[in-house]
>>> print(open('model-v2.cif').read())   # mmCIF, C-alpha atoms
data_structure
#
loop_
_atom_site.group_PDB
_atom_site.id
_atom_site.type_symbol
_atom_site.label_atom_id
_atom_site.label_comp_id
_atom_site.auth_asym_id
_atom_site.auth_seq_id
_atom_site.Cartn_x
_atom_site.Cartn_y
_atom_site.Cartn_z
ATOM 1 C CA MET A 1 0.139 3.456 -3.244
ATOM 2 C CA ARG A 2 -3.424 4.819 -3.192
ATOM 3 C CA THR A 3 -4.506 2.480 -5.986
ATOM 4 C CA THR A 4 -2.994 -0.567 -4.305
ATOM 5 C CA LEU A 5 -4.645 0.288 -0.961
ATOM 6 C CA HIS A 6 -7.958 0.933 -2.684
ATOM 7 C CA ALA A 7 -7.765 -2.385 -4.533
ATOM 8 C CA LEU A 8 -6.822 -4.288 -1.376
ATOM 9 C CA PHE A 9 -9.534 -2.589 0.647
ATOM 10 C CA LEU A 10 -12.184 -3.496 -1.909
ATOM 11 C CA ALA A 11 -10.819 -7.019 -2.154
ATOM 12 C CA ALA A 12 -11.182 -7.559 1.554
ATOM 13 C CA GLY A 13 -14.752 -6.315 1.461
ATOM 14 C CA LEU A 14 -14.133 -4.349 4.640
ATOM 15 C CA CYS A 15 -16.297 -1.590 5.911
ATOM 16 C CA TRP A 16 -14.724 1.027 8.106
ATOM 17 C CA GLY A 17 -15.247 -0.246 11.621
ATOM 18 C CA SER A 18 -17.556 -3.013 10.412
ATOM 19 C CA ALA A 19 -17.770 -6.191 12.491
ATOM 20 C CA ALA A 20 -15.206 -5.042 15.012
ATOM 21 C CA THR A 21 -14.380 -1.763 16.617
ATOM 22 C CA ALA A 22 -10.966 -0.417 17.529
ATOM 23 C CA ALA A 23 -9.246 -2.125 20.458
ATOM 24 C CA VAL A 24 -11.761 -4.982 20.694
ATOM 25 C CA ALA A 25 -10.614 -8.497 19.876
ATOM 26 C CA VAL A 26 -13.346 -10.559 18.214
ATOM 27 C CA GLU A 27 -13.863 -13.939 16.633
ATOM 28 C CA LEU A 28 -15.444 -14.068 13.190
ATOM 29 C CA ALA A 29 -16.297 -17.420 11.615
ATOM 30 C CA GLY A 30 -13.814 -19.122 13.927
ATOM 31 C CA VAL A 31 -10.991 -16.699 13.101
ATOM 32 C CA LYS A 32 -9.618 -14.763 16.058
ATOM 33 C CA VAL A 33 -9.094 -11.132 15.117
ATOM 34 C CA GLU A 34 -6.661 -9.520 17.539
ATOM 35 C CA ASP A 35 -7.298 -6.049 18.944
ATOM 36 C CA SER A 36 -3.780 -4.954 17.967
ATOM 37 C CA VAL A 37 -0.636 -6.116 16.159
ATOM 38 C CA THR A 38 2.943 -4.881 16.132
ATOM 39 C CA ILE A 39 4.658 -4.201 12.791
ATOM 40 C CA ASN A 40 8.283 -3.006 12.699
ATOM 41 C CA GLY A 41 8.011 -1.884 16.317
ATOM 42 C CA ALA A 42 4.807 0.120 15.732
ATOM 43 C CA ARG A 43 1.629 -0.925 17.503
ATOM 44 C CA LEU A 44 -1.376 -0.945 15.192
ATOM 45 C CA GLN A 45 -4.973 -1.002 16.397
ATOM 46 C CA LEU A 46 -7.783 -2.968 14.810
ATOM 47 C CA ASN A 47 -9.720 -0.522 12.656
ATOM 48 C CA GLY A 48 -12.258 -2.915 11.146
ATOM 49 C CA ALA A 49 -12.982 -6.524 10.296
ATOM 50 C CA GLY A 50 -15.578 -8.400 8.353
ATOM 51 C CA ILE A 51 -16.540 -11.595 6.584
ATOM 52 C CA ARG A 52 -16.591 -11.679 2.788
ATOM 53 C CA TYR A 53 -19.402 -13.758 1.349
ATOM 54 C CA LYS A 54 -19.887 -15.141 -2.131
ATOM 55 C CA GLY A 55 -23.574 -15.968 -2.173
ATOM 56 C CA PRO A 56 -24.268 -18.007 0.960
ATOM 57 C CA PHE A 57 -20.632 -19.062 1.343
ATOM 58 C CA LYS A 58 -18.140 -17.448 3.695
ATOM 59 C CA VAL A 59 -14.934 -16.899 1.727
ATOM 60 C CA TYR A 60 -12.591 -15.096 4.134
ATOM 61 C CA VAL A 61 -12.267 -12.865 7.163
ATOM 62 C CA GLY A 62 -10.558 -9.561 6.424
ATOM 63 C CA ASP A 63 -9.054 -7.252 9.023
ATOM 64 C CA LEU A 64 -7.448 -3.822 8.851
ATOM 65 C CA TYR A 65 -4.967 -2.390 11.360
ATOM 66 C CA THR A 66 -3.775 1.226 11.490
ATOM 67 C CA THR A 67 -1.843 3.514 13.844
ATOM 68 C CA ARG A 68 -4.954 5.638 14.395
ATOM 69 C CA PRO A 69 -8.652 5.228 13.581
ATOM 70 C CA VAL A 70 -9.572 5.920 9.963
ATOM 71 C CA SER A 71 -12.987 6.279 8.377
ATOM 72 C CA SER A 72 -12.236 6.580 4.671
ATOM 73 C CA LEU A 73 -9.711 5.616 2.042
ATOM 74 C CA ASP A 74 -8.218 9.124 2.186
ATOM 75 C CA ASP A 75 -7.830 8.788 5.977
ATOM 76 C CA LEU A 76 -6.182 5.398 5.475
ATOM 77 C CA ILE A 77 -3.644 6.771 3.012
ATOM 78 C CA ALA A 78 -2.946 9.826 5.206
ATOM 79 C CA ALA A 79 -2.524 7.757 8.383
ATOM 80 C CA PRO A 80 1.096 7.766 9.548
ATOM 81 C CA GLY A 81 3.181 4.637 9.871
ATOM 82 C CA PRO A 82 2.566 1.095 8.736
ATOM 83 C CA LYS A 83 -0.814 -0.420 7.940
ATOM 84 C CA ARG A 84 -1.834 -4.055 7.756
ATOM 85 C CA LEU A 85 -4.629 -5.693 5.808
ATOM 86 C CA SER A 86 -4.989 -9.442 6.026
ATOM 87 C CA MET A 87 -7.416 -12.052 4.774
ATOM 88 C CA THR A 88 -7.813 -15.455 6.418
ATOM 89 C CA PHE A 89 -9.492 -17.789 3.976
ATOM 90 C CA LEU A 90 -12.323 -19.933 5.284
ATOM 91 C CA ARG A 91 -12.314 -22.356 2.380
ATOM 92 C CA GLU A 92 -9.751 -23.494 -0.150
ATOM 93 C CA ILE A 93 -9.957 -21.217 -3.121
ATOM 94 C CA ASN A 94 -8.094 -21.260 -6.381
ATOM 95 C CA SER A 95 -6.163 -18.029 -6.832
ATOM 96 C CA THR A 96 -7.453 -17.668 -10.399
ATOM 97 C CA GLU A 97 -11.021 -17.975 -9.150
ATOM 98 C CA PHE A 98 -10.276 -15.504 -6.370
ATOM 99 C CA GLY A 99 -8.820 -13.056 -8.887
ATOM 100 C CA LYS A 100 -12.026 -13.266 -10.911
ATOM 101 C CA LEU A 101 -14.123 -12.666 -7.788
ATOM 102 C CA LEU A 102 -11.900 -9.755 -6.838
ATOM 103 C CA THR A 103 -12.207 -8.164 -10.253
ATOM 104 C CA ARG A 104 -15.966 -8.656 -10.288
ATOM 105 C CA GLY A 105 -16.273 -7.152 -6.803
ATOM 106 C CA MET A 106 -14.341 -4.092 -7.879
ATOM 107 C CA GLU A 107 -16.367 -3.708 -11.051
ATOM 108 C CA ASP A 108 -19.561 -3.883 -8.988
ATOM 109 C CA ASN A 109 -18.383 -1.330 -6.403
ATOM 110 C CA VAL A 110 -16.350 1.241 -8.325
ATOM 111 C CA SER A 111 -17.352 3.596 -11.112
ATOM 112 C CA LYS A 112 -15.790 2.942 -14.510
ATOM 113 C CA GLN A 113 -13.812 6.169 -14.177
ATOM 114 C CA ASP A 114 -12.423 5.178 -10.758
ATOM 115 C CA LEU A 115 -11.834 1.591 -11.880
ATOM 116 C CA SER A 116 -9.381 2.788 -14.509
ATOM 117 C CA LYS A 117 -7.416 4.521 -11.728
ATOM 118 C CA ILE A 118 -6.918 1.343 -9.706
ATOM 119 C CA ILE A 119 -5.732 -0.867 -12.553
ATOM 120 C CA PRO A 120 -2.063 -0.662 -11.373
ATOM 121 C CA GLY A 121 -3.090 -1.930 -7.922
ATOM 122 C CA MET A 122 -5.127 -4.718 -9.491
ATOM 123 C CA ILE A 123 -2.108 -5.762 -11.559
ATOM 124 C CA LYS A 124 0.079 -5.899 -8.419
ATOM 125 C CA MET A 125 -2.513 -8.035 -6.710
ATOM 126 C CA GLY A 126 -2.727 -10.266 -9.785
ATOM 127 C CA ASP A 127 1.019 -10.856 -9.495
ATOM 128 C CA ILE A 128 0.600 -11.870 -5.850
ATOM 129 C CA PHE A 129 -2.200 -14.265 -6.687
ATOM 130 C CA ALA A 130 -0.270 -15.719 -9.631
ATOM 131 C CA ALA A 131 2.523 -16.668 -7.207
ATOM 132 C CA ASN A 132 0.013 -18.816 -5.245
ATOM 133 C CA LYS A 133 -2.025 -21.520 -6.970
ATOM 134 C CA SER A 134 -4.536 -21.551 -4.148
ATOM 135 C CA PHE A 135 -5.249 -20.176 -0.711
ATOM 136 C CA ALA A 136 -5.808 -22.705 2.076
ATOM 137 C CA PRO A 137 -8.366 -22.331 4.851
ATOM 138 C CA GLY A 138 -7.047 -20.913 8.105
ATOM 139 C CA LEU A 139 -3.859 -19.458 6.641
ATOM 140 C CA PRO A 140 -3.784 -15.668 6.605
ATOM 141 C CA PHE A 141 -2.800 -13.755 3.499
ATOM 142 C CA ILE A 142 -1.168 -10.524 4.605
ATOM 143 C CA ALA A 143 -1.041 -7.806 1.984
ATOM 144 C CA PRO A 144 2.427 -6.342 1.462
#
>>> encode(input="model-v2.cif", output="structure tokens")
Amino acid sequence: MRTTLHALFLAAGLCWGSAATAAVAVELAGVKVEDSVTINGARLQLNGAGIRYKGPFKVYVGDLYTTRPVSSLDDLIAAPGPKRLSMTFLREINSTEFGKLLTRGMEDNVSKQDLSKIIPGMIKMGDIFAANKSFAPGLPFIAP
């Protein structure tokens, strides 16, 4: 689970508490990011949100919801209850291209030693992306 969360977190390009703070709804690049969501009866608070850029282009808005504020990957994994990470694409993007961008982003942000640890999570994400030929603008992708 840690490797999948780490891979998803890096993919979203989120910073802990980045463009939004807990319990504050915001709009990023035209995407409304709610201050909270309910998953399986549990209320989750917005922990962070941000825009992922590729060069000058906005690719997607990512948001992270948790049952309590977290400030690191270890906090995220230790947090009780469900968690939700979603990406709302701002442009149509081919899933193969996105997979390449994702891999490159991880390679640029993770040491080679740590990268080898998240390979299982990257494979799971690759399976998800293989099931979708492309991601359309405005439609959220919610990580399982």
>>> closest_residue(input="model-v2.cif", among="A:Ala79, A:Leu73, A:Leu115, A:Ile93", to="Pro137 (chain A)", atoms="all atoms listed in the file")
A:Ile93
>>> resolve_selection(input="model-v2.cif", expression="the PyMOL selection byres ((chain A and resi 29) around 12)", output="PDB file with C-alpha atoms, keeping the file's coordinate frame")
ATOM      1  CA  ALA A  19     -17.770  -6.191  12.491  1.00  0.00           C
ATOM      2  CA  VAL A  26     -13.346 -10.559  18.214  1.00  0.00           C
ATOM      3  CA  GLU A  27     -13.863 -13.939  16.633  1.00  0.00           C
ATOM      4  CA  LEU A  28     -15.444 -14.068  13.190  1.00  0.00           C
ATOM      5  CA  GLY A  30     -13.814 -19.122  13.927  1.00  0.00           C
ATOM      6  CA  VAL A  31     -10.991 -16.699  13.101  1.00  0.00           C
ATOM      7  CA  LYS A  32      -9.618 -14.763  16.058  1.00  0.00           C
ATOM      8  CA  VAL A  33      -9.094 -11.132  15.117  1.00  0.00           C
ATOM      9  CA  ALA A  49     -12.982  -6.524  10.296  1.00  0.00           C
ATOM     10  CA  GLY A  50     -15.578  -8.400   8.353  1.00  0.00           C
ATOM     11  CA  ILE A  51     -16.540 -11.595   6.584  1.00  0.00           C
ATOM     12  CA  ARG A  52     -16.591 -11.679   2.788  1.00  0.00           C
ATOM     13  CA  TYR A  53     -19.402 -13.758   1.349  1.00  0.00           C
ATOM     14  CA  PHE A  57     -20.632 -19.062   1.343  1.00  0.00           C
ATOM     15  CA  LYS A  58     -18.140 -17.448   3.695  1.00  0.00           C
ATOM     16  CA  VAL A  59     -14.934 -16.899   1.727  1.00  0.00           C
ATOM     17  CA  TYR A  60     -12.591 -15.096   4.134  1.00  0.00           C
ATOM     18  CA  VAL A  61     -12.267 -12.865   7.163  1.00  0.00           C
ATOM     19  CA  GLY A  62     -10.558  -9.561   6.424  1.00  0.00           C
ATOM     20  CA  THR A  88      -7.813 -15.455   6.418  1.00  0.00           C
ATOM     21  CA  PHE A  89      -9.492 -17.789   3.976  1.00  0.00           C
ATOM     22  CA  LEU A  90     -12.323 -19.933   5.284  1.00  0.00           C
ATOM     23  CA  ARG A  91     -12.314 -22.356   2.380  1.00  0.00           C
ATOM     24  CA  PRO A 137      -8.366 -22.331   4.851  1.00  0.00           C
ATOM     25  CA  GLY A 138      -7.047 -20.913   8.105  1.00  0.00           C
TER      26      GLY A 138
END
>>> resolve_selection(input="model-v2.cif", expression="the PyMOL selection byres ((chain A and resi 66) around 10)", output="list of chain:residue names")
A:Ala22, A:Ser36, A:Val37, A:Ala42, A:Arg43, A:Leu44, A:Gln45, A:Leu46, A:Asn47, A:Gly48, A:Leu64, A:Tyr65, A:Thr67, A:Arg68, A:Pro69, A:Val70, A:Leu76, A:Ala79, A:Pro80, A:Gly81, A:Pro82, A:Lys83, A:Arg84, A:Leu85
>>> atom_distance(input="model-v2.cif", atom1="CA of Ala25 (chain A)", atom2="CA of Phe141 (chain A)")
18.9 Å
>>> resolve_selection(input="model-v2.cif", expression="the PyMOL selection byres ((chain A and resi 103) around 12)", output="ChimeraX atom specification")
/A:7-8,10-12,96-102,104-110,115,118-119,121-123,125-126
>>> atom_distance(input="model-v2.cif", atom1="CA of Asp74 (chain A)", atom2="CA of Gly41 (chain A)")
24.2 Å
>>> atom_distance(input="model-v2.cif", atom1="CA of Ala131 (chain A)", atom2="CA of Ser95 (chain A)")
8.8 Å
>>> closest_residue(input="model-v2.cif", among="A:Lys54, A:Glu92, A:Lys112, A:Ala78", to="Asn132 (chain A)", atoms="all atoms listed in the file")
A:Glu92
